[in-house]
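Enquirer: Input query.pdb, format and content: PDB, C-alpha atoms, pLDDT in the B column.
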MODEL        1
ATOM      1  CA  MET A   1      38.889  27.594  37.379  1.00 46.00           C
ATOM      2  CA  LYS A   2      38.622  31.119  38.760  1.00 58.00           C
ATOM      3  CA  ASN A   3      35.473  32.996  37.772  1.00 63.00           C
ATOM      4  CA  GLY A   4      37.410  35.806  36.063  1.00 72.00           C
ATOM      5  CA  ILE A   5      39.386  33.400  33.899  1.00 73.00           C
ATOM      6  CA  ALA A   6      36.279  31.382  33.036  1.00 73.00           C
ATOM      7  CA  LYS A   7      34.456  34.561  31.988  1.00 76.00           C
ATOM      8  CA  ILE A   8      37.374  35.706  29.813  1.00 77.00           C
ATOM      9  CA  LEU A   9      37.622  32.310  28.139  1.00 73.00           C
ATOM     10  CA  LYS A  10      33.870  32.229  27.592  1.00 71.00           C
ATOM     11  CA  THR A  11      33.844  35.646  25.881  1.00 72.00           C
ATOM     12  CA  LYS A  12      36.775  34.575  23.696  1.00 64.00           C
ATOM     13  CA  GLY A  13      34.974  31.375  22.846  1.00 58.00           C
ATOM     14  CA  ASP A  14      36.166  31.061  19.257  1.00 60.00           C
ATOM     15  CA  LYS A  15      38.958  28.685  20.418  1.00 64.00           C
ATOM     16  CA  LYS A  16      41.391  30.079  17.839  1.00 71.00           C
ATOM     17  CA  ARG A  17      45.117  30.130  18.453  1.00 74.00           C
ATOM     18  CA  ASP A  18      45.361  33.696  17.170  1.00 79.00           C
ATOM     19  CA  SER A  19      43.331  34.809  20.196  1.00 84.00           C
ATOM     20  CA  LEU A  20      46.093  33.644  22.583  1.00 90.00           C
ATOM     21  CA  ILE A  21      47.785  37.002  23.176  1.00 91.00           C
ATOM     22  CA  PRO A  22      44.558  38.978  23.683  1.00 90.00           C
ATOM     23  CA  ILE A  23      43.367  36.293  26.121  1.00 90.00           C
ATOM     24  CA  LEU A  24      46.641  36.432  28.069  1.00 93.00           C
ATOM     25  CA  GLN A  25      46.480  40.235  28.133  1.00 93.00           C
ATOM     26  CA  GLU A  26      42.939  40.183  29.454  1.00 91.00           C
ATOM     27  CA  ILE A  27      43.757  37.599  32.129  1.00 91.00           C
ATOM     28  CA  GLN A  28      46.745  39.616  33.273  1.00 90.00           C
ATOM     29  CA  GLU A  29      44.644  42.769  33.359  1.00 88.00           C
ATOM     30  CA  SER A  30      42.055  40.976  35.464  1.00 86.00           C
ATOM     31  CA  GLU A  31      44.288  38.846  37.715  1.00 87.00           C
ATOM     32  CA  GLY A  32      47.441  40.980  37.799  1.00 86.00           C
ATOM     33  CA  PHE A  33      49.672  38.228  36.391  1.00 91.00           C
ATOM     34  CA  LEU A  34      49.574  34.892  34.565  1.00 93.00           C
ATOM     35  CA  SER A  35      49.346  32.049  37.068  1.00 92.00           C
ATOM     36  CA  GLU A  36      50.075  28.390  36.343  1.00 93.00           C
ATOM     37  CA  VAL A  37      46.338  27.735  36.660  1.00 92.00           C
ATOM     38  CA  SER A  38      45.422  30.419  34.130  1.00 92.00           C
ATOM     39  CA  VAL A  39      48.038  29.186  31.640  1.00 94.00           C
ATOM     40  CA  ALA A  40      46.745  25.610  32.006  1.00 92.00           C
ATOM     41  CA  GLU A  41      43.130  26.710  31.509  1.00 89.00           C
ATOM     42  CA  VAL A  42      44.005  28.706  28.405  1.00 90.00           C
ATOM     43  CA  GLY A  43      45.927  25.715  27.075  1.00 90.00           C
ATOM     44  CA  ASN A  44      42.964  23.408  27.656  1.00 88.00           C
ATOM     45  CA  ARG A  45      40.564  25.842  26.024  1.00 85.00           C
ATOM     46  CA  LEU A  46      42.702  26.525  22.943  1.00 87.00           C
ATOM     47  CA  GLY A  47      44.300  23.087  22.648  1.00 88.00           C
ATOM     48  CA  ILE A  48      47.802  24.477  23.118  1.00 90.00           C
ATOM     49  CA  PRO A  49      50.365  22.910  25.478  1.00 94.00           C
ATOM     50  CA  SER A  50      51.284  25.083  28.468  1.00 94.00           C
ATOM     51  CA  SER A  51      54.917  25.009  27.343  1.00 95.00           C
ATOM     52  CA  LYS A  52      53.958  26.724  24.082  1.00 94.00           C
ATOM     53  CA  ILE A  53      51.933  29.354  25.964  1.00 94.00           C
ATOM     54  CA  TYR A  54      54.904  30.058  28.235  1.00 94.00           C
ATOM     55  CA  GLY A  55      57.092  30.297  25.134  1.00 93.00           C
ATOM     56  CA  VAL A  56      54.837  32.962  23.656  1.00 92.00           C
ATOM     57  CA  ALA A  57      54.310  34.828  26.932  1.00 92.00           C
ATOM     58  CA  THR A  58      58.004  34.953  27.841  1.00 89.00           C
ATOM     59  CA  PHE A  59      58.816  36.414  24.423  1.00 89.00           C
ATOM     60  CA  TYR A  60      56.861  39.563  25.325  1.00 84.00           C
ATOM     61  CA  ASN A  61      58.049  41.498  28.372  1.00 76.00           C
ATOM     62  CA  GLN A  62      54.513  42.727  29.049  1.00 82.00           C
ATOM     63  CA  PHE A  63      53.571  39.449  30.733  1.00 89.00           C
ATOM     64  CA  ARG A  64      54.289  38.671  34.392  1.00 87.00           C
ATOM     65  CA  PHE A  65      54.217  35.288  36.093  1.00 89.00           C
ATOM     66  CA  GLU A  66      54.215  36.662  39.620  1.00 86.00           C
ATOM     67  CA  PRO A  67      51.885  39.205  41.186  1.00 90.00           C
ATOM     68  CA  LYS A  68      53.223  42.744  41.505  1.00 91.00           C
ATOM     69  CA  GLY A  69      54.414  43.856  44.896  1.00 94.00           C
ATOM     70  CA  LYS A  70      52.525  46.471  46.873  1.00 95.00           C
ATOM     71  CA  TYR A  71      55.273  48.855  45.728  1.00 97.00           C
ATOM     72  CA  HIS A  72      56.028  48.275  42.058  1.00 95.00           C
ATOM     73  CA  VAL A  73      59.439  49.701  41.146  1.00 97.00           C
ATOM     74  CA  GLN A  74      59.933  50.588  37.500  1.00 96.00           C
ATOM     75  CA  VAL A  75      63.516  51.250  36.461  1.00 97.00           C
ATOM     76  CA  CYS A  76      63.930  53.254  33.278  1.00 96.00           C
ATOM     77  CA  ARG A  77      66.590  51.932  30.910  1.00 95.00           C
ATOM     78  CA  GLY A  78      66.046  54.480  28.129  1.00 95.00           C
ATOM     79  CA  THR A  79      69.020  56.158  26.489  1.00 96.00           C
ATOM     80  CA  ALA A  80      69.320  59.144  28.852  1.00 96.00           C
ATOM     81  CA  CYS A  81      68.898  56.932  31.923  1.00 96.00           C
ATOM     82  CA  HIS A  82      71.346  54.382  30.550  1.00 96.00           C
ATOM     83  CA  VAL A  83      74.009  57.013  29.886  1.00 96.00           C
ATOM     84  CA  LEU A  84      73.564  58.421  33.397  1.00 96.00           C
ATOM     85  CA  GLY A  85      73.855  55.086  35.195  1.00 95.00           C
ATOM     86  CA  SER A  86      70.527  53.257  35.318  1.00 96.00           C
ATOM     87  CA  ALA A  87      72.313  49.898  35.040  1.00 96.00           C
ATOM     88  CA  THR A  88      73.954  50.565  38.404  1.00 96.00           C
ATOM     89  CA  VAL A  89      70.648  51.781  39.829  1.00 97.00           C
ATOM     90  CA  LEU A  90      68.937  48.556  38.750  1.00 97.00           C
ATOM     91  CA  GLU A  91      71.787  46.454  40.127  1.00 97.00           C
ATOM     92  CA  GLN A  92      71.577  48.201  43.511  1.00 97.00           C
ATOM     93  CA  ILE A  93      67.788  47.867  43.721  1.00 98.00           C
ATOM     94  CA  GLU A  94      68.077  44.146  42.958  1.00 97.00           C
ATOM     95  CA  LYS A  95      70.810  43.802  45.574  1.00 97.00           C
ATOM     96  CA  LYS A  96      68.883  45.699  48.275  1.00 97.00           C
ATOM     97  CA  LEU A  97      65.617  43.835  47.616  1.00 97.00           C
ATOM     98  CA  LYS A  98      67.334  40.471  46.991  1.00 97.00           C
ATOM     99  CA  VAL A  99      65.248  39.835  43.850  1.00 96.00           C
ATOM    100  CA  LYS A 100      65.866  40.285  40.136  1.00 95.00           C
ATOM    101  CA  ALA A 101      63.860  42.370  37.695  1.00 93.00           C
ATOM    102  CA  GLY A 102      60.568  40.634  36.981  1.00 88.00           C
ATOM    103  CA  GLN A 103      60.359  39.214  40.501  1.00 91.00           C
ATOM    104  CA  THR A 104      58.556  40.106  43.706  1.00 93.00           C
ATOM    105  CA  THR A 105      60.034  40.048  47.194  1.00 95.00           C
ATOM    106  CA  ARG A 106      58.944  37.163  49.433  1.00 94.00           C
ATOM    107  CA  ASP A 107      56.958  39.517  51.646  1.00 94.00           C
ATOM    108  CA  GLY A 108      55.036  40.798  48.582  1.00 93.00           C
ATOM    109  CA  LEU A 109      56.107  44.350  49.347  1.00 96.00           C
ATOM    110  CA  PHE A 110      58.275  45.138  46.307  1.00 97.00           C
ATOM    111  CA  SER A 111      58.473  44.057  42.683  1.00 95.00           C
ATOM    112  CA  ILE A 112      60.889  45.284  40.028  1.00 95.00           C
ATOM    113  CA  GLU A 113      60.233  45.930  36.357  1.00 93.00           C
ATOM    114  CA  VAL A 114      62.651  47.230  33.746  1.00 93.00           C
ATOM    115  CA  VAL A 115      60.979  49.603  31.298  1.00 92.00           C
ATOM    116  CA  ALA A 116      62.369  50.842  27.993  1.00 92.00           C
ATOM    117  CA  CYS A 117      61.512  54.495  28.703  1.00 92.00           C
ATOM    118  CA  ILE A 118      59.431  56.221  31.353  1.00 92.00           C
ATOM    119  CA  GLY A 119      59.383  59.460  29.351  1.00 92.00           C
ATOM    120  CA  ALA A 120      61.114  61.593  31.964  1.00 93.00           C
ATOM    121  CA  CYS A 121      64.513  61.944  30.324  1.00 94.00           C
ATOM    122  CA  GLY A 122      65.273  65.255  32.027  1.00 94.00           C
ATOM    123  CA  LEU A 123      65.098  63.465  35.390  1.00 94.00           C
ATOM    124  CA  ALA A 124      67.532  60.695  34.425  1.00 96.00           C
ATOM    125  CA  PRO A 125      68.280  58.300  35.870  1.00 97.00           C
ATOM    126  CA  VAL A 126      64.709  57.912  37.048  1.00 97.00           C
ATOM    127  CA  ILE A 127      62.674  55.249  38.776  1.00 97.00           C
ATOM    128  CA  SER A 128      58.947  55.168  39.415  1.00 97.00           C
ATOM    129  CA  ILE A 129      57.372  53.481  42.410  1.00 97.00           C
ATOM    130  CA  ASN A 130      53.604  53.119  41.995  1.00 95.00           C
ATOM    131  CA  GLY A 131      53.690  56.135  39.675  1.00 93.00           C
ATOM    132  CA  GLU A 132      55.733  58.337  42.024  1.00 95.00           C
ATOM    133  CA  PHE A 133      58.869  59.500  40.229  1.00 96.00           C
ATOM    134  CA  HIS A 134      62.287  59.618  41.864  1.00 97.00           C
ATOM    135  CA  ALA A 135      64.667  61.790  39.855  1.00 96.00           C
ATOM    136  CA  LYS A 136      68.421  61.684  39.401  1.00 96.00           C
ATOM    137  CA  VAL A 137      68.639  58.500  41.443  1.00 97.00           C
ATOM    138  CA  GLN A 138      72.137  57.638  42.572  1.00 94.00           C
ATOM    139  CA  GLU A 139      73.530  54.433  44.000  1.00 91.00           C
ATOM    140  CA  ASP A 140      73.745  55.918  47.504  1.00 92.00           C
ATOM    141  CA  SER A 141      70.135  57.184  47.527  1.00 95.00           C
ATOM    142  CA  ILE A 142      68.450  53.882  46.667  1.00 96.00           C
ATOM    143  CA  GLY A 143      68.550  52.477  50.195  1.00 95.00           C
ATOM    144  CA  GLN A 144      66.785  55.533  51.620  1.00 96.00           C
ATOM    145  CA  ILE A 145      64.138  55.566  48.889  1.00 97.00           C
ATOM    146  CA  LEU A 146      63.271  51.909  49.528  1.00 97.00           C
ATOM    147  CA  GLU A 147      63.407  52.397  53.299  1.00 95.00           C
ATOM    148  CA  ASN A 148      60.863  55.235  53.035  1.00 95.00           C
ATOM    149  CA  TYR A 149      58.399  52.788  51.464  1.00 95.00           C
ATOM    150  CA  ARG A 150      59.179  50.118  54.070  1.00 92.00           C
ATOM    151  CA  ASN A 151      58.542  52.670  56.810  1.00 91.00           C
ATOM    152  CA  LYS A 152      55.061  53.269  55.422  1.00 87.00           C
ATOM    153  CA  GLU A 153      54.330  49.616  56.242  1.00 79.00           C
ATOM    154  CA  ASP A 154      55.757  49.847  59.746  1.00 72.00           C
ATOM    155  CA  GLY A 155      53.600  52.866  60.574  1.00 67.00           C
ATOM    156  CA  ASN A 156      56.640  55.134  60.637  1.00 55.00           C
ATOM    157  CA  GLY A 157      55.760  56.817  57.358  1.00 50.00           C
ATOM    158  CA  ASN A 158      52.956  58.977  56.099  1.00 50.00           C
ATOM    159  CA  ASN A 159      50.622  56.120  55.116  1.00 48.00           C
TER     160      ASN A 159
ENDMDL
END
Give the structure from this file in structure tokens form.
Expert:
Amino acid sequence: MKNGIAKILKTKGDKKRDSLIPILQEIQESEGFLSEVSVAEVGNRLGIPSSKIYGVATFYNQFRFEPKGKYHVQVCRGTACHVLGSATVLEQIEKKLKVKAGQTTRDGLFSIEVVACIGACGLAPVISINGEFHAKVQEDSIGQILENYRNKEDGNGNN
């Protein structure tokens, strides 16, 4: 068992089922996602089958089962973004990265998350990559936005 997970489980030592969600939240905060190992350890500690833990965790969209990519793309699906085409934006990002929302690219560079509202309705449709906002995103601009982040890795960008 990883030290971080062991410490979290030790501090939540009451072994009560109602502590499941706070434990999962703390593990994700610490580890970045919920791994198979962490789910199994929580199950052992609380006496809950892993399948039940996955059932609870998949109900809430706050939990991830893969680590975030170096560049975490958040696609706003709030009302303003929806009306102005965020469904197409999401579809194009998934197509260009060859992963679906909630997944991370094989190279670990990009991950995609759908969020209910980023709170930047005047910029709709908007995406955020590691907190950097991209406003009025259109289908034809997505490739260039993603390429700019890829170029940072190749030494062709500003990072």
Enquirer: Contacts of Leu97 (chain A) at 9 Å or less, counting only C-alpha atoms, minus same-chain residues fewer than 5 places along, as a list in words?
Expert: Gln92, Thr104, Thr105, Phe110, Ser111 and Leu146 of chain A
Enquirer: Considering all atoms listed in the file, return as number ranges by chain whatever protein or nucleic-acid residues lie within 7 Å of region 59-73 of chain A, sequence-local ones (same chain, fewer than 6 positions apart) excluded.
Expert: A: 32-35, 103-104, 108-113, 127-130
Enquirer: Apply the PyMOL selection byres ((chain A and resi 115) around 8) to the file shown and report the selected residues as a PyMOL selection string.
Expert: chain A and resi 74-78+113-114+116-118
Enquirer: Calculate how many Å separate CA of Val89 (chain A) from CA of Glu153 (chain A), rounding to one decimal.
Expert: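 Value for the CA of Val89 (chain A)-CA of Glu153 (chain A) distance: 23.2 Å.
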Enquirer: Quick one, how far is CA of Ser19 (chain A) from CA of Glu41 (chain A)?
Expert: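 Atom-to-atom, CA of Ser19 (chain A) to CA of Glu41 (chain A), that is 13.9 Å.
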Enquirer: Could you check which of A:Ser141, A:Ala87, A:Val56, A:Lys10 is closest to Leu24 (chain A), using all atoms listed in the file?
Expert: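 Between A:Ser141, A:Ala87, A:Val56, A:Lys10, the residue approaching Leu24 (chain A) most closely is A:Val56.
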Enquirer: Find the spatial neighbours of region 122-125 of chain A, counting only C-alpha atoms, within a cut-off of 6 Å - ignore same-chain residues fewer than 5 positions away - and output them as a count of residues only.
Expert: 6
Enquirer: Give me, as a PyMOL selection string, all polymer residues having an atom no more than 9 Å from Arg17 (chain A), counting all atoms listed in the file and skipping those fewer than 3 positions away in the same chain.
Expert: chain A and resi 20-21+46-48
Enquirer: Do a neighbour search on Ser51 (chain A) at 10 Å with only C-alpha atoms, toss out local chain neighbours closer than 5 positions, and write the hits as a list in words.
Expert: Val39, Ala40, Gly43, Val56 and Ala57 of chain A
Enquirer: Padding 5 Å on every side, please: axis-aligned box over the listed atoms of region 104-119 of chain A, centre and edge lengths to one decimal in Å, as JSON.
Expert:
{"center_x": 58.8, "center_y": 48.3, "center_z": 39.8, "size_x": 17.6, "size_y": 32.3, "size_z": 33.7}
Enquirer: So which one's closest to Ile93 (chain A), A:Val126, A:Cys121, A:Ile142, A:Ile8? Using only C-alpha atoms, please.
Expert: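 With only C-alpha atoms as the atom set, the closest residue is A:Ile142.
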Enquirer: Give the answer as one residue: which of A:Lys16, A:His134, A:Lys7, A:Lys96 has the shortest atom-to-atom distance to Ser30 (chain A), using all atoms listed in the file?
Expert: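 Selected residue with least distance to Ser30 (chain A): A:Lys7.
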